[in-house]
file start-v8.cif (mmCIF, N, CA and C atoms)
data_structure
loop_
_atom_site.label_atom_id
_atom_site.label_comp_id
_atom_site.auth_asym_id
_atom_site.auth_seq_id
_atom_site.Cartn_x
_atom_site.Cartn_y
_atom_site.Cartn_z
N MET G 1 0.85 -1.17 0.00
CA MET G 1 0.00 0.00 0.00
C MET G 1 0.89 1.24 0.00
N ASN G 2 0.60 2.14 -0.91
CA ASN G 2 1.38 3.36 -0.96
C ASN G 2 0.70 4.47 -0.17
N PHE G 3 1.37 5.60 -0.07
CA PHE G 3 0.90 6.70 0.78
C PHE G 3 -0.43 7.28 0.28
N SER G 4 -0.61 7.37 -1.04
CA SER G 4 -1.85 7.95 -1.57
C SER G 4 -3.05 7.06 -1.27
N GLN G 5 -2.87 5.73 -1.32
CA GLN G 5 -3.96 4.82 -0.94
C GLN G 5 -4.29 4.97 0.54
N PHE G 6 -3.26 5.18 1.35
CA PHE G 6 -3.45 5.33 2.78
C PHE G 6 -4.23 6.61 3.10
N THR G 7 -3.85 7.70 2.47
CA THR G 7 -4.49 8.98 2.78
C THR G 7 -5.85 9.14 2.13
N SER G 8 -6.13 8.42 1.05
CA SER G 8 -7.43 8.55 0.38
C SER G 8 -8.41 7.45 0.81
N PHE G 9 -7.99 6.60 1.73
CA PHE G 9 -8.83 5.52 2.24
C PHE G 9 -9.29 4.57 1.14
N ASP G 10 -8.46 4.38 0.11
CA ASP G 10 -8.79 3.43 -0.94
C ASP G 10 -8.60 1.99 -0.48
N LYS G 11 -7.70 1.78 0.44
CA LYS G 11 -7.44 0.43 0.97
C LYS G 11 -7.67 0.45 2.47
N MET G 12 -8.42 -0.52 2.95
CA MET G 12 -8.72 -0.61 4.38
C MET G 12 -7.56 -1.30 5.10
N ILE G 13 -7.17 -0.75 6.25
CA ILE G 13 -6.11 -1.37 7.04
C ILE G 13 -6.65 -2.08 8.27
N THR G 14 -7.88 -1.79 8.65
CA THR G 14 -8.46 -2.37 9.86
C THR G 14 -8.56 -3.89 9.81
N PRO G 15 -8.90 -4.52 8.66
CA PRO G 15 -8.98 -5.99 8.67
C PRO G 15 -7.70 -6.67 9.15
N SER G 16 -6.57 -6.06 8.91
CA SER G 16 -5.32 -6.68 9.37
C SER G 16 -5.18 -6.60 10.88
N PHE G 17 -5.85 -5.64 11.50
CA PHE G 17 -5.81 -5.51 12.96
C PHE G 17 -6.82 -6.42 13.67
N ILE G 18 -7.77 -6.95 12.94
CA ILE G 18 -8.81 -7.77 13.57
C ILE G 18 -8.21 -9.02 14.19
N LYS G 19 -7.22 -9.61 13.59
CA LYS G 19 -6.57 -10.80 14.18
C LYS G 19 -5.90 -10.43 15.50
N ILE G 20 -5.29 -9.28 15.54
CA ILE G 20 -4.65 -8.82 16.78
C ILE G 20 -5.72 -8.60 17.86
N ILE G 21 -6.84 -7.99 17.45
CA ILE G 21 -7.94 -7.75 18.39
C ILE G 21 -8.45 -9.07 18.96
N PHE G 22 -8.56 -10.09 18.10
CA PHE G 22 -9.03 -11.40 18.58
C PHE G 22 -8.08 -11.97 19.62
N TRP G 23 -6.80 -12.00 19.31
CA TRP G 23 -5.85 -12.62 20.24
C TRP G 23 -5.76 -11.84 21.55
N LEU G 24 -5.84 -10.53 21.49
CA LEU G 24 -5.85 -9.73 22.72
C LEU G 24 -7.11 -10.01 23.53
N GLY G 25 -8.25 -10.04 22.86
CA GLY G 25 -9.51 -10.31 23.55
C GLY G 25 -9.56 -11.70 24.17
N ALA G 26 -9.08 -12.69 23.42
CA ALA G 26 -9.06 -14.06 23.94
C ALA G 26 -8.11 -14.16 25.13
N GLY G 27 -6.95 -13.55 25.02
CA GLY G 27 -5.99 -13.57 26.12
C GLY G 27 -6.52 -12.88 27.36
N LEU G 28 -7.15 -11.73 27.17
CA LEU G 28 -7.73 -11.01 28.32
C LEU G 28 -8.87 -11.80 28.95
N SER G 29 -9.64 -12.49 28.13
CA SER G 29 -10.73 -13.32 28.67
C SER G 29 -10.17 -14.43 29.56
N VAL G 30 -9.14 -15.09 29.08
CA VAL G 30 -8.54 -16.17 29.86
C VAL G 30 -7.92 -15.63 31.14
N LEU G 31 -7.19 -14.53 31.04
CA LEU G 31 -6.58 -13.95 32.24
C LEU G 31 -7.65 -13.49 33.25
N SER G 32 -8.73 -12.90 32.75
CA SER G 32 -9.81 -12.48 33.64
C SER G 32 -10.45 -13.69 34.31
N GLY G 33 -10.65 -14.74 33.54
CA GLY G 33 -11.22 -15.97 34.10
C GLY G 33 -10.33 -16.57 35.16
N LEU G 34 -9.03 -16.57 34.92
CA LEU G 34 -8.10 -17.10 35.92
C LEU G 34 -8.12 -16.26 37.19
N ALA G 35 -8.23 -14.96 37.03
CA ALA G 35 -8.31 -14.08 38.20
C ALA G 35 -9.58 -14.36 39.00
N MET G 36 -10.67 -14.63 38.32
CA MET G 36 -11.92 -14.95 39.00
C MET G 36 -11.83 -16.28 39.75
N LEU G 37 -11.08 -17.22 39.18
CA LEU G 37 -10.94 -18.53 39.83
C LEU G 37 -10.31 -18.41 41.22
N THR G 38 -9.47 -17.43 41.40
CA THR G 38 -8.77 -17.29 42.68
C THR G 38 -9.65 -16.69 43.78
N GLN G 39 -10.81 -16.13 43.40
CA GLN G 39 -11.66 -15.47 44.39
C GLN G 39 -12.56 -16.44 45.15
N GLY G 40 -12.77 -17.62 44.61
CA GLY G 40 -13.58 -18.62 45.30
C GLY G 40 -15.07 -18.36 45.17
N GLY G 41 -15.86 -19.29 45.66
CA GLY G 41 -17.31 -19.18 45.63
C GLY G 41 -17.87 -19.21 44.22
N PHE G 42 -18.90 -18.40 44.00
CA PHE G 42 -19.56 -18.34 42.69
C PHE G 42 -18.63 -17.79 41.61
N ALA G 43 -17.62 -17.05 42.03
CA ALA G 43 -16.67 -16.49 41.06
C ALA G 43 -15.91 -17.58 40.32
N VAL G 44 -15.78 -18.76 40.94
CA VAL G 44 -15.11 -19.88 40.26
C VAL G 44 -15.91 -20.29 39.02
N ILE G 45 -17.23 -20.38 39.19
CA ILE G 45 -18.08 -20.75 38.05
C ILE G 45 -18.03 -19.66 36.98
N MET G 46 -18.07 -18.42 37.43
CA MET G 46 -17.98 -17.30 36.48
C MET G 46 -16.62 -17.30 35.78
N GLY G 47 -15.57 -17.62 36.50
CA GLY G 47 -14.24 -17.69 35.91
C GLY G 47 -14.15 -18.76 34.84
N LEU G 48 -14.70 -19.94 35.14
CA LEU G 48 -14.69 -21.02 34.14
C LEU G 48 -15.50 -20.62 32.91
N GLY G 49 -16.63 -19.97 33.16
CA GLY G 49 -17.44 -19.50 32.03
C GLY G 49 -16.72 -18.46 31.19
N THR G 50 -16.00 -17.59 31.85
CA THR G 50 -15.25 -16.56 31.13
C THR G 50 -14.12 -17.19 30.32
N ILE G 51 -13.46 -18.17 30.89
CA ILE G 51 -12.36 -18.84 30.18
C ILE G 51 -12.88 -19.55 28.93
N VAL G 52 -14.05 -20.17 29.03
CA VAL G 52 -14.60 -20.93 27.91
C VAL G 52 -15.32 -20.01 26.91
N LEU G 53 -16.21 -19.16 27.42
CA LEU G 53 -17.06 -18.37 26.53
C LEU G 53 -16.41 -17.07 26.04
N GLY G 54 -15.46 -16.53 26.80
CA GLY G 54 -14.82 -15.28 26.41
C GLY G 54 -14.18 -15.32 25.03
N PRO G 55 -13.32 -16.30 24.77
CA PRO G 55 -12.72 -16.38 23.43
C PRO G 55 -13.74 -16.63 22.32
N ILE G 56 -14.81 -17.37 22.64
CA ILE G 56 -15.84 -17.64 21.63
C ILE G 56 -16.58 -16.35 21.28
N VAL G 57 -16.95 -15.58 22.29
CA VAL G 57 -17.64 -14.32 22.05
C VAL G 57 -16.72 -13.34 21.31
N THR G 58 -15.46 -13.33 21.67
CA THR G 58 -14.50 -12.47 20.98
C THR G 58 -14.37 -12.87 19.51
N ARG G 59 -14.34 -14.16 19.25
CA ARG G 59 -14.25 -14.67 17.88
C ARG G 59 -15.48 -14.25 17.07
N ILE G 60 -16.67 -14.38 17.66
CA ILE G 60 -17.89 -13.99 16.96
C ILE G 60 -17.86 -12.50 16.63
N TYR G 61 -17.44 -11.69 17.58
CA TYR G 61 -17.34 -10.24 17.36
C TYR G 61 -16.39 -9.94 16.20
N CYS G 62 -15.24 -10.58 16.20
CA CYS G 62 -14.26 -10.34 15.14
C CYS G 62 -14.78 -10.81 13.78
N GLU G 63 -15.50 -11.93 13.77
CA GLU G 63 -16.06 -12.41 12.51
C GLU G 63 -17.09 -11.43 11.97
N LEU G 64 -17.89 -10.84 12.85
CA LEU G 64 -18.86 -9.84 12.40
C LEU G 64 -18.16 -8.62 11.80
N LEU G 65 -17.05 -8.22 12.40
CA LEU G 65 -16.29 -7.11 11.83
C LEU G 65 -15.76 -7.47 10.44
N ILE G 66 -15.27 -8.70 10.29
CA ILE G 66 -14.74 -9.14 9.00
C ILE G 66 -15.85 -9.17 7.95
N VAL G 67 -17.06 -9.60 8.34
CA VAL G 67 -18.18 -9.63 7.40
C VAL G 67 -18.46 -8.23 6.87
N ILE G 68 -18.41 -7.24 7.74
CA ILE G 68 -18.65 -5.86 7.30
C ILE G 68 -17.63 -5.45 6.24
N PHE G 69 -16.37 -5.80 6.44
CA PHE G 69 -15.35 -5.43 5.46
C PHE G 69 -15.48 -6.25 4.17
N LYS G 70 -15.92 -7.49 4.26
CA LYS G 70 -16.14 -8.29 3.05
C LYS G 70 -17.31 -7.74 2.25
N ILE G 71 -18.36 -7.27 2.95
CA ILE G 71 -19.48 -6.64 2.26
C ILE G 71 -18.98 -5.41 1.50
N TYR G 72 -18.14 -4.62 2.16
CA TYR G 72 -17.58 -3.43 1.50
C TYR G 72 -16.79 -3.83 0.25
N ASP G 73 -15.93 -4.85 0.37
CA ASP G 73 -15.13 -5.28 -0.78
C ASP G 73 -16.03 -5.73 -1.93
N ASN G 74 -17.10 -6.45 -1.61
CA ASN G 74 -18.01 -6.91 -2.66
C ASN G 74 -18.75 -5.75 -3.31
N LEU G 75 -19.14 -4.77 -2.52
CA LEU G 75 -19.81 -3.59 -3.08
C LEU G 75 -18.88 -2.81 -4.00
N VAL G 76 -17.63 -2.69 -3.62
CA VAL G 76 -16.66 -2.01 -4.48
C VAL G 76 -16.51 -2.77 -5.80
N GLU G 77 -16.45 -4.09 -5.72
CA GLU G 77 -16.33 -4.91 -6.93
C GLU G 77 -17.56 -4.76 -7.83
N ILE G 78 -18.75 -4.80 -7.23
CA ILE G 78 -19.99 -4.62 -8.00
C ILE G 78 -20.01 -3.25 -8.65
N ASN G 79 -19.63 -2.23 -7.90
CA ASN G 79 -19.61 -0.86 -8.43
C ASN G 79 -18.67 -0.74 -9.62
N SER G 80 -17.51 -1.35 -9.53
CA SER G 80 -16.56 -1.26 -10.65
C SER G 80 -17.09 -1.97 -11.88
N LYS G 81 -17.79 -3.09 -11.67
CA LYS G 81 -18.37 -3.81 -12.82
C LYS G 81 -19.49 -2.99 -13.47
N VAL G 82 -20.31 -2.35 -12.65
CA VAL G 82 -21.40 -1.54 -13.18
C VAL G 82 -20.84 -0.34 -13.94
N GLU G 83 -19.82 0.30 -13.40
CA GLU G 83 -19.20 1.43 -14.09
C GLU G 83 -18.59 1.00 -15.42
N LYS G 84 -17.96 -0.16 -15.43
CA LYS G 84 -17.34 -0.67 -16.64
C LYS G 84 -18.41 -0.95 -17.69
N LYS G 85 -19.51 -1.56 -17.25
CA LYS G 85 -20.58 -1.90 -18.17
C LYS G 85 -21.23 -0.62 -18.73
N SER G 86 -21.44 0.39 -17.89
CA SER G 86 -22.05 1.63 -18.36
C SER G 86 -21.11 2.35 -19.34
N THR G 87 -19.82 2.27 -19.12
CA THR G 87 -18.86 2.88 -20.02
C THR G 87 -18.89 2.18 -21.37
N GLU G 88 -19.01 0.86 -21.36
CA GLU G 88 -19.08 0.09 -22.62
C GLU G 88 -20.34 0.44 -23.38
N GLN G 89 -21.45 0.64 -22.68
CA GLN G 89 -22.71 0.97 -23.35
C GLN G 89 -22.68 2.37 -23.94
N GLU G 90 -21.95 3.28 -23.31
CA GLU G 90 -21.83 4.64 -23.85
C GLU G 90 -21.03 4.64 -25.15
N LEU G 91 -20.11 3.71 -25.30
CA LEU G 91 -19.30 3.64 -26.51
C LEU G 91 -20.08 3.09 -27.69
N ILE G 92 -21.15 2.38 -27.43
CA ILE G 92 -21.93 1.76 -28.51
C ILE G 92 -22.85 2.73 -29.13
#
call {"tool": "encode", "arguments": {"input": "start-v8.cif", "output": "structure tokens"}}
result
Amino acid sequence: MNFSQFTSFDKMITPSFIKIIFWLGAGLSVLSGLAMLTQGGFAVIMGLGTIVLGPIVTRIYCELLIVIFKIYDNLVEINSKVEKKSTEQELI
């Protein structure tokens, strides 16, 4: 990616950060769950739930973000095809 693509927002950079967001979220979920395990009582059950469900919820969130960017990519592709087709029809 060159500087002009970066400044004109022609290329999205956020999708590359989504993997980092997932691993940070999953790691924080596990660490939070482990911290809850040390408190005893009902917090142990909550800690186990956080350890198991935290990374899953984080994964779902990240997948939803990726879907938004894939929709954008597909719309850009459709738009370019429509523009190309309209240009061809103008030449006829």
call {"tool": "closest_residue", "arguments": {"input": "start-v8.cif", "among": "G:Thr50, G:Glu83, G:Ser16, G:Val44", "to": "Ser32 of chain G", "atoms": "only C-alpha atoms"}}
result
G:Thr50
call {"tool": "residues_around", "arguments": {"input": "start-v8.cif", "residues": "segment 9-13 of chain G", "least_positions_apart": "6", "cutoff": "12 Å", "atoms": "only C-alpha atoms", "output": "number ranges by chain"}}
result
G: 1-3, 19, 66, 68-70, 72-73, 76
call {"tool": "write_last_selection", "arguments": {"input": "start-v8.cif", "atoms": "N, CA and C atoms", "output": "compact mmCIF listing (two decimals), in the frame of the given file"}}
result
# COMPACT_ATOMS: atom_id res chain seq x y z
N MET G 1 0.85 -1.17 0.00
CA MET G 1 0.00 0.00 0.00
C MET G 1 0.89 1.24 0.00
N ASN G 2 0.60 2.14 -0.91
CA ASN G 2 1.38 3.36 -0.96
C ASN G 2 0.70 4.47 -0.17
N PHE G 3 1.37 5.60 -0.07
CA PHE G 3 0.90 6.70 0.78
C PHE G 3 -0.43 7.28 0.28
N LYS G 19 -7.22 -9.61 13.59
CA LYS G 19 -6.57 -10.80 14.18
C LYS G 19 -5.90 -10.43 15.50
N ILE G 66 -15.27 -8.70 10.29
CA ILE G 66 -14.74 -9.14 9.00
C ILE G 66 -15.85 -9.17 7.95
N ILE G 68 -18.41 -7.24 7.74
CA ILE G 68 -18.65 -5.86 7.30
C ILE G 68 -17.63 -5.45 6.24
N PHE G 69 -16.37 -5.80 6.44
CA PHE G 69 -15.35 -5.43 5.46
C PHE G 69 -15.48 -6.25 4.17
N LYS G 70 -15.92 -7.49 4.26
CA LYS G 70 -16.14 -8.29 3.05
C LYS G 70 -17.31 -7.74 2.25
N TYR G 72 -18.14 -4.62 2.16
CA TYR G 72 -17.58 -3.43 1.50
C TYR G 72 -16.79 -3.83 0.25
N ASP G 73 -15.93 -4.85 0.37
CA ASP G 73 -15.13 -5.28 -0.78
C ASP G 73 -16.03 -5.73 -1.93
N VAL G 76 -17.63 -2.69 -3.62
CA VAL G 76 -16.66 -2.01 -4.48
C VAL G 76 -16.51 -2.77 -5.80
call {"tool": "closest_residue", "arguments": {"input": "start-v8.cif", "among": "G:Gln89, G:Thr38, G:Ser4, G:Phe22", "to": "Tyr61 of chain G", "atoms": "only N, CA and C atoms"}}
result
G:Phe22
call {"tool": "closest_residue", "arguments": {"input": "start-v8.cif", "among": "G:Val57, G:Leu75, G:Val82, G:Val67", "to": "Gly25 of chain G", "atoms": "all atoms listed in the file"}}
result
G:Val57
call {"tool": "resolve_selection", "arguments": {"input": "start-v8.cif", "expression": "the PyMOL selection byres (((chain G and resi 21 and name CA) around 12) and name CA)", "output": "list in words"}}
result
Thr14, Pro15, Ser16, Phe17, Ile18, Lys19, Ile20, Phe22, Trp23, Leu24, Gly25, Ala26, Gly27, Leu28, Pro55, Thr58, Arg59, Ile60, Tyr61, Cys62, Glu63, Leu65 and Ile66 of chain G
call {"tool": "write_last_selection", "arguments": {"input": "start-v8.cif", "atoms": "N, CA and C atoms", "output": "mmCIF file, keeping the file's coordinate frame"}}
result
data_model
loop_
_atom_site.group_PDB
_atom_site.id
_atom_site.type_symbol
_atom_site.label_atom_id
_atom_site.label_comp_id
_atom_site.auth_asym_id
_atom_site.auth_seq_id
_atom_site.Cartn_x
_atom_site.Cartn_y
_atom_site.Cartn_z
ATOM 1 N N THR G 14 -7.880 -1.790 8.650
ATOM 2 C CA THR G 14 -8.460 -2.370 9.860
ATOM 3 C C THR G 14 -8.560 -3.890 9.810
ATOM 4 N N PRO G 15 -8.900 -4.520 8.660
ATOM 5 C CA PRO G 15 -8.980 -5.990 8.670
ATOM 6 C C PRO G 15 -7.700 -6.670 9.150
ATOM 7 N N SER G 16 -6.570 -6.060 8.910
ATOM 8 C CA SER G 16 -5.320 -6.680 9.370
ATOM 9 C C SER G 16 -5.180 -6.600 10.880
ATOM 10 N N PHE G 17 -5.850 -5.640 11.500
ATOM 11 C CA PHE G 17 -5.810 -5.510 12.960
ATOM 12 C C PHE G 17 -6.820 -6.420 13.670
ATOM 13 N N ILE G 18 -7.770 -6.950 12.940
ATOM 14 C CA ILE G 18 -8.810 -7.770 13.570
ATOM 15 C C ILE G 18 -8.210 -9.020 14.190
ATOM 16 N N LYS G 19 -7.220 -9.610 13.590
ATOM 17 C CA LYS G 19 -6.570 -10.800 14.180
ATOM 18 C C LYS G 19 -5.900 -10.430 15.500
ATOM 19 N N ILE G 20 -5.290 -9.280 15.540
ATOM 20 C CA ILE G 20 -4.650 -8.820 16.780
ATOM 21 C C ILE G 20 -5.720 -8.600 17.860
ATOM 22 N N PHE G 22 -8.560 -10.090 18.100
ATOM 23 C CA PHE G 22 -9.030 -11.400 18.580
ATOM 24 C C PHE G 22 -8.080 -11.970 19.620
ATOM 25 N N TRP G 23 -6.800 -12.000 19.310
ATOM 26 C CA TRP G 23 -5.850 -12.620 20.240
ATOM 27 C C TRP G 23 -5.760 -11.840 21.550
ATOM 28 N N LEU G 24 -5.840 -10.530 21.490
ATOM 29 C CA LEU G 24 -5.850 -9.730 22.720
ATOM 30 C C LEU G 24 -7.110 -10.010 23.530
ATOM 31 N N GLY G 25 -8.250 -10.040 22.860
ATOM 32 C CA GLY G 25 -9.510 -10.310 23.550
ATOM 33 C C GLY G 25 -9.560 -11.700 24.170
ATOM 34 N N ALA G 26 -9.080 -12.690 23.420
ATOM 35 C CA ALA G 26 -9.060 -14.060 23.940
ATOM 36 C C ALA G 26 -8.110 -14.160 25.130
ATOM 37 N N GLY G 27 -6.950 -13.550 25.020
ATOM 38 C CA GLY G 27 -5.990 -13.570 26.120
ATOM 39 C C GLY G 27 -6.520 -12.880 27.360
ATOM 40 N N LEU G 28 -7.150 -11.730 27.170
ATOM 41 C CA LEU G 28 -7.730 -11.010 28.320
ATOM 42 C C LEU G 28 -8.870 -11.800 28.950
ATOM 43 N N PRO G 55 -13.320 -16.300 24.770
ATOM 44 C CA PRO G 55 -12.720 -16.380 23.430
ATOM 45 C C PRO G 55 -13.740 -16.630 22.320
ATOM 46 N N THR G 58 -15.460 -13.330 21.670
ATOM 47 C CA THR G 58 -14.500 -12.470 20.980
ATOM 48 C C THR G 58 -14.370 -12.870 19.510
ATOM 49 N N ARG G 59 -14.340 -14.160 19.250
ATOM 50 C CA ARG G 59 -14.250 -14.670 17.880
ATOM 51 C C ARG G 59 -15.480 -14.250 17.070
ATOM 52 N N ILE G 60 -16.670 -14.380 17.660
ATOM 53 C CA ILE G 60 -17.890 -13.990 16.960
ATOM 54 C C ILE G 60 -17.860 -12.500 16.630
ATOM 55 N N TYR G 61 -17.440 -11.690 17.580
ATOM 56 C CA TYR G 61 -17.340 -10.240 17.360
ATOM 57 C C TYR G 61 -16.390 -9.940 16.200
ATOM 58 N N CYS G 62 -15.240 -10.580 16.200
ATOM 59 C CA CYS G 62 -14.260 -10.340 15.140
ATOM 60 C C CYS G 62 -14.780 -10.810 13.780
ATOM 61 N N GLU G 63 -15.500 -11.930 13.770
ATOM 62 C CA GLU G 63 -16.060 -12.410 12.510
ATOM 63 C C GLU G 63 -17.090 -11.430 11.970
ATOM 64 N N LEU G 65 -17.050 -8.220 12.400
ATOM 65 C CA LEU G 65 -16.290 -7.110 11.830
ATOM 66 C C LEU G 65 -15.760 -7.470 10.440
ATOM 67 N N ILE G 66 -15.270 -8.700 10.290
ATOM 68 C CA ILE G 66 -14.740 -9.140 9.000
ATOM 69 C C ILE G 66 -15.850 -9.170 7.950
#
call {"tool": "atom_distance", "arguments": {"input": "start-v8.cif", "atom1": "atom N of Lys85 of chain G", "atom2": "atom N of Ser8 of chain G"}}
result
24.8 Å
call {"tool": "atom_distance", "arguments": {"input": "start-v8.cif", "atom1": "atom C of Leu53 of chain G", "atom2": "atom N of Ile71 of chain G"}}
result
25.2 Å
call {"tool": "atom_distance", "arguments": {"input": "start-v8.cif", "atom1": "atom N of Ala43 of chain G", "atom2": "atom CA of Val30 of chain G"}}
result
15.2 Å
call {"tool": "closest_residue", "arguments": {"input": "start-v8.cif", "among": "G:Gly33, G:Gln39, G:Gln5, G:Glu88", "to": "Ile51 of chain G", "atoms": "only N, CA and C atoms"}}
result
G:Gly33
